[in-house]
Every structure is written in structure tokens, then in C-alpha cells.
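**Q** Next up, structure.json (JSON, C-alpha atoms and all ligand atoms).
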```json
[["chain", "number", "residue", "atom", "x", "y", "z"],
["A", 24, "MET", "CA", 2.83, 0.60, 177.35],
["A", 25, "GLU", "CA", 4.11, -1.81, 174.75],
["A", 26, "GLN", "CA", 4.63, -5.49, 175.54],
["A", 27, "THR", "CA", 7.12, -7.85, 173.92],
["A", 28, "PHE", "CA", 7.75, -11.57, 174.06],
["A", 29, "ILE", "CA", 10.95, -13.48, 174.84],
["A", 30, "ILE", "CA", 12.02, -17.12, 175.08],
["A", 31, "LEU", "CA", 15.01, -18.13, 177.19],
["A", 32, "LYS", "CA", 16.24, -20.95, 174.97],
["A", 33, "PRO", "CA", 17.38, -24.40, 176.17],
["A", 34, "SER", "CA", 21.04, -23.36, 175.98],
["A", 35, "THR", "CA", 20.29, -20.64, 178.54],
["A", 36, "ILE", "CA", 18.52, -23.06, 180.88],
["A", 37, "THR", "CA", 21.31, -25.63, 180.50],
["A", 38, "ARG", "CA", 24.12, -23.15, 181.06],
["A", 39, "GLY", "CA", 22.52, -21.59, 184.13],
["A", 40, "LEU", "CA", 22.11, -18.15, 182.58],
["A", 41, "VAL", "CA", 18.40, -17.59, 183.33],
["A", 42, "GLY", "CA", 19.07, -15.16, 186.17],
["A", 43, "ASP", "CA", 21.74, -13.23, 184.26],
["A", 44, "VAL", "CA", 19.47, -12.67, 181.28],
["A", 45, "LEU", "CA", 16.36, -11.74, 183.29],
["A", 46, "THR", "CA", 18.40, -9.44, 185.53],
["A", 47, "ARG", "CA", 19.49, -7.41, 182.51],
["A", 48, "PHE", "CA", 15.90, -6.72, 181.52],
["A", 49, "GLN", "CA", 14.83, -5.87, 185.07],
["A", 50, "ARG", "CA", 17.80, -3.55, 185.59],
["A", 51, "LYS", "CA", 16.95, -1.79, 182.34],
["A", 52, "GLY", "CA", 13.49, -0.97, 183.74],
["A", 53, "LEU", "CA", 11.44, -3.48, 181.77],
["A", 54, "ILE", "CA", 8.57, -4.99, 183.76],
["A", 55, "ILE", "CA", 7.87, -8.73, 183.69],
["A", 56, "THR", "CA", 4.12, -9.11, 183.10],
["A", 57, "GLY", "CA", 4.09, -12.85, 182.40],
["A", 58, "ILE", "CA", 6.54, -15.72, 182.91],
["A", 59, "LYS", "CA", 6.36, -19.51, 182.87],
["A", 60, "MET", "CA", 8.26, -22.66, 181.96],
["A", 61, "MET", "CA", 7.05, -24.90, 179.15],
["A", 62, "ARG", "CA", 8.16, -27.58, 176.73],
["A", 63, "LEU", "CA", 7.96, -26.51, 173.10],
["A", 64, "THR", "CA", 6.35, -28.89, 170.62],
["A", 65, "ASP", "CA", 6.98, -29.33, 166.90],
["A", 66, "ASP", "CA", 3.57, -27.76, 166.22],
["A", 67, "ILE", "CA", 4.19, -24.53, 168.11],
["A", 68, "LEU", "CA", 7.77, -24.29, 166.77],
["A", 69, "ARG", "CA", 6.61, -24.72, 163.16],
["A", 70, "GLU", "CA", 4.22, -21.82, 163.74],
["A", 71, "HIS", "CA", 6.71, -19.67, 165.64],
["A", 72, "TYR", "CA", 9.53, -20.23, 163.13],
["A", 73, "ALA", "CA", 7.27, -20.44, 160.02],
["A", 74, "HIS", "CA", 9.68, -18.12, 158.15],
["A", 75, "LEU", "CA", 12.44, -20.75, 158.53],
["A", 76, "VAL", "CA", 10.74, -24.12, 157.90],
["A", 77, "ASP", "CA", 12.36, -24.51, 154.47],
["A", 78, "ARG", "CA", 15.87, -23.68, 155.63],
["A", 79, "PRO", "CA", 18.39, -26.53, 155.87],
["A", 80, "PHE", "CA", 19.08, -25.83, 159.54],
["A", 81, "PHE", "CA", 15.39, -26.07, 160.54],
["A", 82, "PRO", "CA", 15.52, -29.70, 161.84],
["A", 83, "SER", "CA", 18.52, -28.79, 163.96],
["A", 84, "LEU", "CA", 16.73, -25.67, 165.24],
["A", 85, "LEU", "CA", 13.70, -27.80, 166.20],
["A", 86, "ASN", "CA", 15.87, -30.22, 168.18],
["A", 87, "SER", "CA", 17.72, -27.36, 169.83],
["A", 88, "MET", "CA", 14.50, -25.67, 170.96],
["A", 89, "LYS", "CA", 13.17, -28.96, 172.40],
["A", 90, "ALA", "CA", 16.36, -29.97, 174.21],
["A", 91, "THR", "CA", 15.01, -28.83, 177.60],
["A", 92, "PRO", "CA", 11.93, -26.88, 178.71],
["A", 93, "VAL", "CA", 12.21, -23.16, 178.01],
["A", 94, "ILE", "CA", 11.16, -20.06, 179.92],
["A", 95, "VAL", "CA", 8.79, -17.75, 178.09],
["A", 96, "ALA", "CA", 8.11, -14.23, 179.32],
["A", 97, "VAL", "CA", 6.36, -10.99, 178.47],
["A", 98, "LEU", "CA", 8.15, -7.70, 179.16],
["A", 99, "LYS", "CA", 6.46, -4.30, 179.33],
["A", 100, "GLY", "CA", 7.89, -0.84, 178.71],
["A", 101, "ASN", "CA", 7.87, 2.10, 176.32],
["A", 102, "ASP", "CA", 9.14, 0.86, 172.94],
["A", 103, "ALA", "CA", 9.67, -2.53, 174.59],
["A", 104, "VAL", "CA", 10.00, -4.42, 171.28],
["A", 105, "ALA", "CA", 12.81, -2.24, 169.91],
["A", 106, "VAL", "CA", 14.56, -1.92, 173.28],
["A", 107, "VAL", "CA", 14.59, -5.70, 173.86],
["A", 108, "ARG", "CA", 15.74, -6.45, 170.30],
["A", 109, "ALA", "CA", 18.60, -3.95, 170.74],
["A", 110, "MET", "CA", 19.58, -5.58, 174.04],
["A", 111, "THR", "CA", 19.38, -9.03, 172.38],
["A", 112, "GLY", "CA", 21.88, -8.27, 169.59],
["A", 113, "ALA", "CA", 22.56, -9.84, 166.19],
["A", 114, "THR", "CA", 21.34, -13.40, 165.52],
["A", 115, "ASN", "CA", 24.84, -14.90, 165.42],
["A", 116, "CYS", "CA", 26.40, -14.47, 168.87],
["A", 117, "ARG", "CA", 29.88, -14.25, 167.36],
["A", 118, "LYS", "CA", 28.79, -11.18, 165.40],
["A", 119, "ALA", "CA", 26.60, -9.66, 168.12],
["A", 120, "ALA", "CA", 28.07, -6.52, 169.68],
["A", 121, "PRO", "CA", 29.66, -6.82, 173.13],
["A", 122, "GLY", "CA", 27.19, -5.44, 175.66],
["A", 123, "THR", "CA", 24.28, -7.23, 174.04],
["A", 124, "ILE", "CA", 22.95, -10.46, 175.55],
["A", 125, "ARG", "CA", 24.03, -12.57, 172.59],
["A", 126, "GLY", "CA", 27.31, -10.69, 172.34],
["A", 127, "ASP", "CA", 28.13, -11.31, 175.99],
["A", 128, "PHE", "CA", 26.77, -14.81, 176.63],
["A", 129, "GLY", "CA", 27.09, -16.87, 173.45],
["A", 130, "MET", "CA", 29.36, -18.17, 170.71],
["A", 131, "SER", "CA", 26.79, -19.73, 168.34],
["A", 132, "GLY", "CA", 24.39, -18.73, 165.58],
["A", 133, "GLN", "CA", 21.83, -21.31, 166.65],
["A", 134, "GLU", "CA", 22.40, -21.58, 170.42],
["A", 135, "ASN", "CA", 21.91, -17.85, 170.78],
["A", 136, "ILE", "CA", 20.43, -17.59, 174.30],
["A", 137, "ILE", "CA", 17.16, -15.84, 173.61],
["A", 138, "HIS", "CA", 14.32, -15.21, 171.20],
["A", 139, "ALA", "CA", 12.81, -11.71, 171.10],
["A", 140, "SER", "CA", 9.88, -10.45, 169.02],
["A", 141, "ASP", "CA", 11.03, -8.43, 166.01],
["A", 142, "SER", "CA", 8.04, -6.06, 165.58],
["A", 143, "PRO", "CA", 5.06, -4.82, 167.61],
["A", 144, "GLU", "CA", 2.74, -6.81, 165.30],
["A", 145, "ASN", "CA", 4.67, -10.04, 165.86],
["A", 146, "ALA", "CA", 4.89, -9.36, 169.60],
["A", 147, "LEU", "CA", 1.08, -9.38, 169.84],
["A", 148, "ILE", "CA", 0.88, -12.59, 167.78],
["A", 149, "GLU", "CA", 3.62, -14.31, 169.80],
["A", 150, "ILE", "CA", 2.19, -13.30, 173.20],
["A", 151, "ALA", "CA", -1.18, -14.77, 172.13],
["A", 152, "ARG", "CA", 0.57, -17.90, 170.83],
["A", 153, "PHE", "CA", 2.34, -18.69, 174.11],
["A", 154, "PHE", "CA", 0.17, -17.13, 176.84],
["A", 155, "LYS", "CA", -3.47, -17.26, 177.87],
["A", 156, "PRO", "CA", -4.89, -13.79, 178.61],
["A", 157, "ASP", "CA", -5.17, -14.57, 182.35],
["A", 158, "GLU", "CA", -1.44, -15.42, 182.51],
["A", 159, "ILE", "CA", -0.50, -11.78, 181.78],
["A", 160, "TYR", "CA", -0.47, -9.35, 184.72],
["A", 161, "ASP", "CA", -0.65, -5.75, 183.53],
["A", 162, "TYR", "CA", 0.30, -4.04, 186.81],
["A", 163, "ASP", "CA", 2.26, -0.85, 187.42],
["A", 164, "PRO", "CA", 5.06, -1.42, 189.98],
["A", 165, "ILE", "CA", 5.65, 1.41, 192.46],
["A", 166, "VAL", "CA", 9.09, 2.09, 190.96],
["A", 167, "LEU", "CA", 7.49, 3.38, 187.76],
["A", 168, "PRO", "CA", 7.96, 7.08, 188.67],
["A", 169, "ALA", "CA", 11.69, 6.38, 189.05],
["A", 170, "ILE", "CA", 11.88, 4.73, 185.61],
["A", 171, "TYR", "CA", 9.85, 7.23, 183.52],
["A", 172, "ALA", "CA", 9.10, 10.96, 183.65],
["A", 173, "PRO", "CA", 5.38, 11.81, 184.08],
["A", 174, "ASP", "CA", 4.94, 12.65, 180.39],
["A", 175, "GLU", "CA", 6.45, 9.29, 179.39],
["A", 176, "ARG", "CA", 4.03, 7.19, 181.43],
["B", 1, "LIG", "N1", 19.06, -19.71, 163.12],
["B", 1, "LIG", "C1", 20.06, -20.63, 162.83],
["B", 1, "LIG", "N2", 20.83, -20.43, 161.72],
["B", 1, "LIG", "C2", 20.63, -19.37, 160.86],
["B", 1, "LIG", "C3", 19.61, -18.45, 161.17],
["B", 1, "LIG", "C4", 18.84, -18.64, 162.31],
["B", 1, "LIG", "O1", 20.25, -21.59, 163.56],
["B", 1, "LIG", "O2", 21.35, -19.25, 159.87],
["B", 1, "LIG", "C5", 18.23, -19.91, 164.33],
["B", 1, "LIG", "C6", 18.70, -19.05, 165.51],
["B", 1, "LIG", "O3", 18.51, -19.77, 166.71],
["B", 1, "LIG", "C7", 17.74, -17.86, 165.42],
["B", 1, "LIG", "C8", 16.45, -18.55, 164.98],
["B", 1, "LIG", "O4", 16.88, -19.54, 164.05],
["B", 1, "LIG", "O5", 17.59, -17.19, 166.66],
["B", 1, "LIG", "C9", 15.44, -17.63, 164.34],
["B", 1, "LIG", "O6", 16.05, -16.96, 163.26],
["B", 1, "LIG", "P1", 15.77, -15.42, 162.96],
["B", 1, "LIG", "O7", 16.30, -15.13, 161.59],
["B", 1, "LIG", "O8", 14.33, -15.11, 163.22],
["B", 1, "LIG", "O9", 16.73, -14.67, 164.00],
["B", 1, "LIG", "P2", 16.42, -13.88, 165.37],
["B", 1, "LIG", "O10", 15.15, -13.11, 165.16],
["B", 1, "LIG", "O11", 16.32, -14.90, 166.47],
["B", 1, "LIG", "O12", 17.61, -12.99, 165.57],
["B", 2, "MG", "MG", 13.31, -13.80, 164.46]]
```
Can you turn what I pasted into C-alpha cells?

**A**
Amino acid sequence: MEQTFIILKPSTITRGLVGDVLTRFQRKGLIITGIKMMRLTDDILREHYAHLVDRPFFPSLLNSMKATPVIVAVLKGNDAVAVVRAMTGATNCRKAAPGTIRGDFGMSGQENIIHASDSPENALIEIARFFKPDEIYDYDPIVLPAIYAPDER
């Protein structure tokens, strides 16, 4: 099964939305295979947001991502990357569709609740960036037969 990577951003910690966001993924049938709290550093953020370092909002994004510790997690499921991105919604919460996490919980382009990997290739890179191999637990919970048909597992 595919794995994807998420960050519950400082705005989510501060606003007390950690449970709401994680509950959505668990209700969907995604399996948490890794989860921890950490403080993000400039070094890891420059790597993680390398595609944005030259943008004018980058210093503000750095400060925002360091405002509090974050929660990082790995979620497992069939097509997990695409499913989690769809549940996350458009980058700007004001434009994100209602029913998505950003569409339901935010009002900002920057303080947009969650990061989610945008491709299977980046998911592998991001999981390795934030987790040691022994921090990922690739188990199959007993509910799996109620989430997927036999030929989907
Ligand atoms: N961001 C921002 N202003 C912008 C674009 C992005 O503050 O105009 C922030 C926002 O927090 C976003 C993050 O930079 O989640 C990473 O941007 P990306 O384009 O990768 O969007 P995402 O993949 O998070 O939807
Ligand atoms: Mg992105």
C-alpha cells in the first residue's frame, strides 16, 4: 500500500484542531503508520520548501512553520497520496472547496492547516526527510477487510 506524509501546521496545533484533522483521515480508512511531534528548523524547512525559497512570502512561511512544534505523520492506504491531497483541498483555504480540510477549517493562504505530499515520489522523499525507518510501523489493522475488498488489498 502507498504511504504519504502530512504535517499538522502550527496554526492547527494552536487552534486545537489536531483531533479534528486526524479524525478525518482515520474515518476515511487511512492508517496512521507513523506520528510524532517536532520543532521544524530553518534547515529542514529550506529543504522541504525548496521550490519556494525565492518567493517573497518565504520568510513569513518560515516563521509560520516555526511558531509552535508541529505534528508529522505518515498515512497508509491505496492511492494514499492522491486521496490525502484531495481531502486537503486547494492551497488557499478561502478557495478550497467546502468538505476539504482547508475548505472547512481555514481562512488563509499561508495558515492552511496541513501539508500533504503532492506525488508518490515526493512522499517517499518527505517520509525519509522527517522519519527514521524504525519510526514507521507498517502493520495491518484488523479492520482492513472492512475497508477494502480482497482484490484491493
Ligand atoms: N504559501 C503561501 N503563499 C503562497 C503559496 C504558498 O504562504 O502564495 C505557503 C502555504 O502555507 C503552502 C506552502 O507555502 O501550503 C507550500 O506551498 P505549495 O505551493 O507547495 O502549496 P501546497 O502543496 O501546500 O498546497
Ligand atoms: Mg506543496

**Q** Write out as a VMD selection string the residues lying within 12 Å of Gly129 (chain A), counting only C-alpha atoms and excluding same-chain residues fewer than 4 positions away.

**A** chain A and resid 32 34 to 35 38 40 44 111 to 125 133 to 137

**Q** Counting all atoms listed in the file, which residues of region 24-111 of chain A sit at most 12 Å from some atom of region 149-161 of chain A, and what is each one's closest atom pair with its distance in Å to one decimal, listed by chain and rising residue number, as JSON lines?

**A**
```
{"residue": "A:Met24", "atom": "CA", "partner": "A:Asp161", "partner_atom": "CA", "distance": 9.5}
{"residue": "A:Glu25", "atom": "CA", "partner": "A:Asp161", "partner_atom": "CA", "distance": 10.7}
{"residue": "A:Gln26", "atom": "CA", "partner": "A:Ile150", "partner_atom": "CA", "distance": 8.5}
{"residue": "A:Thr27", "atom": "CA", "partner": "A:Ile150", "partner_atom": "CA", "distance": 7.4}
{"residue": "A:Phe28", "atom": "CA", "partner": "A:Ile150", "partner_atom": "CA", "distance": 5.9}
{"residue": "A:Ile29", "atom": "CA", "partner": "A:Ile150", "partner_atom": "CA", "distance": 8.9}
{"residue": "A:Ile30", "atom": "CA", "partner": "A:Phe153", "partner_atom": "CA", "distance": 9.9}
{"residue": "A:Ile54", "atom": "CA", "partner": "A:Asp161", "partner_atom": "CA", "distance": 9.3}
{"residue": "A:Ile55", "atom": "CA", "partner": "A:Tyr160", "partner_atom": "CA", "distance": 8.4}
{"residue": "A:Thr56", "atom": "CA", "partner": "A:Tyr160", "partner_atom": "CA", "distance": 4.9}
{"residue": "A:Gly57", "atom": "CA", "partner": "A:Ile159", "partner_atom": "CA", "distance": 4.8}
{"residue": "A:Ile58", "atom": "CA", "partner": "A:Glu158", "partner_atom": "CA", "distance": 8.0}
{"residue": "A:Lys59", "atom": "CA", "partner": "A:Glu158", "partner_atom": "CA", "distance": 8.8}
{"residue": "A:Met60", "atom": "CA", "partner": "A:Phe153", "partner_atom": "CA", "distance": 10.6}
{"residue": "A:Met61", "atom": "CA", "partner": "A:Phe153", "partner_atom": "CA", "distance": 9.3}
{"residue": "A:Arg62", "atom": "CA", "partner": "A:Phe153", "partner_atom": "CA", "distance": 10.9}
{"residue": "A:Leu63", "atom": "CA", "partner": "A:Phe153", "partner_atom": "CA", "distance": 9.7}
{"residue": "A:Thr64", "atom": "CA", "partner": "A:Phe153", "partner_atom": "CA", "distance": 11.5}
{"residue": "A:Asp66", "atom": "CA", "partner": "A:Arg152", "partner_atom": "CA", "distance": 11.3}
{"residue": "A:Ile67", "atom": "CA", "partner": "A:Arg152", "partner_atom": "CA", "distance": 8.0}
{"residue": "A:Leu68", "atom": "CA", "partner": "A:Arg152", "partner_atom": "CA", "distance": 10.4}
{"residue": "A:Arg69", "atom": "CA", "partner": "A:Arg152", "partner_atom": "CA", "distance": 11.9}
{"residue": "A:Glu70", "atom": "CA", "partner": "A:Arg152", "partner_atom": "CA", "distance": 8.9}
{"residue": "A:His71", "atom": "CA", "partner": "A:Glu149", "partner_atom": "CA", "distance": 7.5}
{"residue": "A:Tyr72", "atom": "CA", "partner": "A:Glu149", "partner_atom": "CA", "distance": 10.7}
{"residue": "A:Val93", "atom": "CA", "partner": "A:Phe153", "partner_atom": "CA", "distance": 11.5}
{"residue": "A:Ile94", "atom": "CA", "partner": "A:Phe153", "partner_atom": "CA", "distance": 10.7}
{"residue": "A:Val95", "atom": "CA", "partner": "A:Phe153", "partner_atom": "CA", "distance": 7.6}
{"residue": "A:Ala96", "atom": "CA", "partner": "A:Ile150", "partner_atom": "CA", "distance": 8.6}
{"residue": "A:Val97", "atom": "CA", "partner": "A:Ile150", "partner_atom": "CA", "distance": 7.1}
{"residue": "A:Leu98", "atom": "CA", "partner": "A:Ile159", "partner_atom": "CA", "distance": 9.9}
{"residue": "A:Lys99", "atom": "CA", "partner": "A:Asp161", "partner_atom": "CA", "distance": 8.4}
{"residue": "A:Gly100", "atom": "CA", "partner": "A:Asp161", "partner_atom": "CA", "distance": 11.0}
{"residue": "A:Val104", "atom": "CA", "partner": "A:Glu149", "partner_atom": "CA", "distance": 11.9}
```

**Q** Once you count all atoms listed in the file, what closest atom pair and distance in Å to one decimal does each residue of chain A within 8 Å of ligand MG 2 (chain B) have, with rows by chain and rising residue number, as CSV?

**A**
```
residue,atom,partner,partner_atom,distance
A:Tyr72,CA,B:MG2,MG,7.6
A:His138,CA,B:MG2,MG,7.0
A:Ala139,CA,B:MG2,MG,7.0
A:Ser140,CA,B:MG2,MG,6.6
A:Asp141,CA,B:MG2,MG,6.0
```

**Q** What does the distance from CA of Ala103 (chain A) to CA of Gly39 (chain A) come to in Å, to one decimal?

**A** 24.9 Å

**Q** Given 4 Å of margin on each side, can you work out the centre and size in Å (one decimal) of an axis-aligned box holding every listed atom of ligand LIG 1 (chain B), as AutoDock Vina command-line options?

**A**
```
--center_x 17.8 --center_y -17.3 --center_z 163.3 --size_x 15.0 --size_y 16.6 --size_z 14.8
```

**Q** State, in Å with one decimal place, the distance from atom O12 of ligand LIG 1 (chain B) to CA of Pro92 (chain A).

**A**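 Atom-to-atom, atom O12 of ligand LIG 1 (chain B) and CA of Pro92 (chain A) are spaced 19.9 Å apart.
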
**Q** Go ahead and compute the interatomic distance for atom C5 of ligand LIG 1 (chain B) and CA of Gly42 (chain A), in Å to one decimal.

**A** 22.4 Å

**Q** Please identify all polymer residues within 9 Å of region 162-171 of chain A, counting only C-alpha atoms, omitting same-chain residues fewer than 3 positions from it, and present them as a VMD selection string.

**A** chain A and resid 51 to 52 54 56 174 to 176

**Q** Can you list, as an MDAnalysis selection string, every protein, DNA or RNA residue that comes within 12 Å of Phe81 (chain A) when you count only C-alpha atoms, leaving out same-chain residues fewer than 3 positions away?

**A** chainID A and resid 65 68:69 71:78 84:88 133

**Q** Between A:Pro33, A:Pro173, A:Pro82, A:Gly132, single out the one closest to ligand LIG 1 (chain B), counting only C-alpha atoms and all ligand atoms.

**A**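 Of the candidates, the smallest distance to ligand LIG 1 (chain B) is held by A:Gly132.
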
**Q** Pick from A:Lys89, A:Phe80, A:Asp127, A:Ala105: nearest to Asp43 (chain A), with only C-alpha atoms counted?

**A**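 Looking at the shortest contact to Asp43 (chain A), the residue is A:Asp127.
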
**Q** Let me make sure I understand: among A:Asn145, A:Thr91, A:Ser83, A:Asn101, which one has the smallest atom-to-atom distance to ligand LIG 1 (chain B) if we use only C-alpha atoms and all ligand atoms?

**A**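 Of A:Asn145, A:Thr91, A:Ser83, A:Asn101, the one nearest ligand LIG 1 (chain B) is A:Ser83, counting only C-alpha atoms and all ligand atoms.
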
**Q** Rank A:Leu147, A:Leu45, A:Val107, A:Ala172 by their smallest atom-to-atom distance to ligand LIG 1 (chain B), using all atoms listed in the file, and report the top residue only.

**A**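 Using all atoms listed in the file, ligand LIG 1 (chain B) sits closest to A:Val107.
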